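**Student:** If you scroll down you'll find the structure; I have some questions about it.
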Amino acid sequence: MSTYSSSTAYDDDLKLQSDCASELDYSSSSSTSTNASIGGSNGSSGVSTPTGGTPPPPLLLSSALSSSAGLLKRRPERSPERGNHLSVPGYENGKRPAVSRSPSPLGLIPIHRSFSKLIHKHEVPRKLLHVSIGGFVVYLYMHGYQPAKLIPPLTAAFIPITTADILRLNWPAFNRFYIRALGALMRESEVRGMNGVVWYLVGSLTVLGVFPKDVATLSILLLSWCDTAASTFGRAFGKYTPRIRKGKSLAGSLASFVVGALTAAVFWGYIVPRTPKFKDDPVNALMWGGKLGFLMGGEASKAVVSGGWALGLMSLWTGLVASVSEAMNVWGLDDNVVIPVVSAVGVWGFLKIFG
């Protein structure tokens, strides 16, 4: 949807990376100046230390601080070919410098540079938002908010959010302002692409408008919690397990399976039984009736499983569906669309056959 030319995109990326480097240099130089002035003041006035000695010579302190500052300032100048995505190299021989194009380059969003582990590596603010949405969905379900009543406000939110995203992708100055304001919730790959919130709304609106109430609610919970679990465990343990595809590991898929199975067990085993029926509940709001039927050679010999066994089988199937939906690539669509839609199709189809 973006109308950036390759030249404009390059220059804007370079500008963003330069801003990040400048902030680090400013912070380092400010700290150096403050400490050096303090050291110089103590040395010139003959102030003694609490133990009765004299403070270190100002020249020695200044030399140590200058060395530290020099190390910090040299860090952004390392070659980008060595895997350092913080670099903002200068022009050489009239040629434009290379800008990092990795999926998460750490240099396009200033706050990612300041909190590289908390925000960039572990994505704590983004994951907290993901998980909290699941809790909010449970609250809405148990208090009788119907899909038909949720679609209008979600659509009303979708329009300005998408408009702002399209605007920033076509207006570099606004894009820089946008990522400074909301950068803690973004991935750096979204600097030049649609924000994940847009796709989250697309996936949620799709399942709420197409599938039964319980299936739609469960699929949004799977998006909220399974995707977070897969990302967390995949980043932590993915290097020890086989890779399924680019950006997806067996560790992340296993985490998605476990959390998906637990989510289904809690939803249908605890939340649904404790949610009262509401007068405005849609027809066939519940596909899950607590039973599963399996044909054993014909309709007359149908085996029915109920109670804990049925809930266990349904939970395992849901975990499998969640794991597959998180790992698969559907025409390059965003996970925030693929996970809820594929999960809803898988759960709906299973219950349509065996429910």
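To be explicit about the labels: the chains of the structure tokens are called A, B, and onward in the order shown, and within each one the residues are counted from 1, while ligands get numbers from 1 in the order they are shown.
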For Leu201 of chain A, please output as a list in words all residues within 10 Å (counting only C-alpha atoms; exclusion window: fewer than 6 positions along the same chain).

**Tutor:** Ile151, Leu154, Thr155, Ala157, Phe158, Ile161, Thr162, Asn336 and Val337 of chain A

**Student:** Any chance you can output those residues with N, CA and C atoms as a tab-separated table (two decimals), in the first residue's frame?

**Tutor:**
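The resulting file, result.tsv, is shown below:
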chain	number	residue	atom	x	y	z
A	151	ILE	N	-18.86	-6.11	16.64
A	151	ILE	CA	-18.35	-5.82	15.31
A	151	ILE	C	-18.37	-4.32	14.98
A	154	LEU	N	-15.50	-2.42	16.82
A	154	LEU	CA	-14.21	-2.87	16.30
A	154	LEU	C	-13.96	-2.31	14.90
A	155	THR	N	-15.03	-2.25	14.10
A	155	THR	CA	-14.90	-1.65	12.77
A	155	THR	C	-14.60	-0.16	12.87
A	157	ALA	N	-12.96	1.25	15.21
A	157	ALA	CA	-11.55	1.39	15.59
A	157	ALA	C	-10.64	1.04	14.41
A	158	PHE	N	-11.06	0.08	13.61
A	158	PHE	CA	-10.25	-0.37	12.48
A	158	PHE	C	-10.02	0.75	11.46
A	161	ILE	N	-7.34	3.45	12.65
A	161	ILE	CA	-6.04	2.80	12.82
A	161	ILE	C	-5.41	2.47	11.47
A	162	THR	N	-6.22	1.94	10.56
A	162	THR	CA	-5.72	1.61	9.23
A	162	THR	C	-5.38	2.87	8.44
A	336	ASN	N	-1.52	-12.72	12.71
A	336	ASN	CA	-2.70	-12.21	13.39
A	336	ASN	C	-3.99	-12.45	12.61
A	337	VAL	N	-3.84	-12.78	11.34
A	337	VAL	CA	-4.99	-13.18	10.52
A	337	VAL	C	-5.06	-14.70	10.42

**Student:** Please provide the set of residues having any atom within 9 Å of His143 of chain A, restricted to only C-alpha atoms, with same-chain residues fewer than 2 positions apart removed, written as a list in words.

**Tutor:**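 In the requested form, the answer reads Val138, Tyr139, Leu140, Tyr141, Tyr145, Thr275, Pro276 and Phe278 of chain A.
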
**Student:** Store the residues of this selection in a file with N, CA, C and O atoms, as an mmCIF file, in the first residue's frame.

**Tutor:**
data_model
loop_
_atom_site.group_PDB
_atom_site.id
_atom_site.type_symbol
_atom_site.label_atom_id
_atom_site.label_comp_id
_atom_site.auth_asym_id
_atom_site.auth_seq_id
_atom_site.Cartn_x
_atom_site.Cartn_y
_atom_site.Cartn_z
ATOM 1 N N VAL A 138 -12.321 -12.764 27.455
ATOM 2 C CA VAL A 138 -13.014 -13.629 28.415
ATOM 3 C C VAL A 138 -14.064 -12.827 29.195
ATOM 4 O O VAL A 138 -15.195 -13.285 29.412
ATOM 5 N N TYR A 139 -13.685 -11.624 29.613
ATOM 6 C CA TYR A 139 -14.629 -10.758 30.347
ATOM 7 C C TYR A 139 -15.862 -10.449 29.488
ATOM 8 O O TYR A 139 -17.003 -10.544 29.959
ATOM 9 N N LEU A 140 -15.642 -10.090 28.230
ATOM 10 C CA LEU A 140 -16.768 -9.771 27.348
ATOM 11 C C LEU A 140 -17.661 -10.978 27.139
ATOM 12 O O LEU A 140 -18.903 -10.857 27.134
ATOM 13 N N TYR A 141 -17.064 -12.149 26.984
ATOM 14 C CA TYR A 141 -17.847 -13.369 26.768
ATOM 15 C C TYR A 141 -18.720 -13.688 27.980
ATOM 16 O O TYR A 141 -19.916 -13.986 27.839
ATOM 17 N N TYR A 145 -21.566 -9.952 26.042
ATOM 18 C CA TYR A 145 -21.365 -9.097 24.875
ATOM 19 C C TYR A 145 -21.356 -9.971 23.624
ATOM 20 O O TYR A 145 -20.486 -10.802 23.445
ATOM 21 N N THR A 275 -20.805 -19.464 32.439
ATOM 22 C CA THR A 275 -21.378 -18.302 31.761
ATOM 23 C C THR A 275 -22.865 -18.529 31.556
ATOM 24 O O THR A 275 -23.268 -19.497 30.907
ATOM 25 N N PRO A 276 -23.715 -17.665 32.112
ATOM 26 C CA PRO A 276 -25.164 -17.863 31.967
ATOM 27 C C PRO A 276 -25.620 -17.640 30.532
ATOM 28 O O PRO A 276 -24.914 -17.004 29.727
ATOM 29 N N PHE A 278 -27.834 -15.805 27.841
ATOM 30 C CA PHE A 278 -28.370 -14.451 27.736
ATOM 31 C C PHE A 278 -29.507 -14.428 26.708
ATOM 32 O O PHE A 278 -29.533 -15.221 25.768
#

**Student:** Select, from A:Ala285, A:Ile220, A:Leu150, A:Ile166, the residue with the minimum atom-to-atom distance to Val342 of chain A, counting only C-alpha atoms.

**Tutor:**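 Checking each of A:Ala285, A:Ile220, A:Leu150, A:Ile166 against Val342 of chain A, counting only C-alpha atoms, the winner is A:Ile220.
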
**Student:** As JSON, numbers by chain, please: every residue in segment 146-291 of chain A that DSSP puts in helix (DSSP H, G or I).

**Tutor:** {"A": [147, 148, 149, 150, 151, 152, 153, 154, 155, 156, 157, 158, 159, 160, 161, 162, 163, 164, 165, 166, 167, 168, 169, 170, 172, 173, 174, 175, 176, 177, 178, 179, 180, 181, 182, 183, 184, 185, 188, 189, 190, 196, 197, 198, 199, 200, 201, 202, 203, 204, 205, 206, 207, 208, 209, 210, 213, 214, 215, 216, 217, 218, 219, 220, 221, 222, 223, 224, 225, 226, 227, 228, 229, 230, 231, 232, 233, 234, 235, 236, 237, 238, 239, 240, 250, 251, 252, 253, 254, 255, 256, 257, 258, 259, 260, 261, 262, 263, 264, 265, 266, 267, 268, 269, 270, 271]}

**Student:** Between atom CA of Ala148 of chain A and atom CA of Thr217 of chain A, measure the distance and give it in Å to one decimal.

**Tutor:** 12.7 Å

**Student:** Compare A:Phe115, A:Phe237, A:Trp331, A:Trp225 by their minimum atom-to-atom distance to Gly183 of chain A, counting only C-alpha atoms, and give me the closest one.

**Tutor:**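 Of the candidates, the smallest distance to Gly183 of chain A is held by A:Phe115.
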
**Student:** Could you work out how far atom CA of Gly203 of chain A lies from atom CA of Val266 of chain A, giving the answer in Å with one decimal?

**Tutor:**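 According to the coordinates, atom CA of Val266 of chain A and atom CA of Gly203 of chain A are separated by 22.3 Å.
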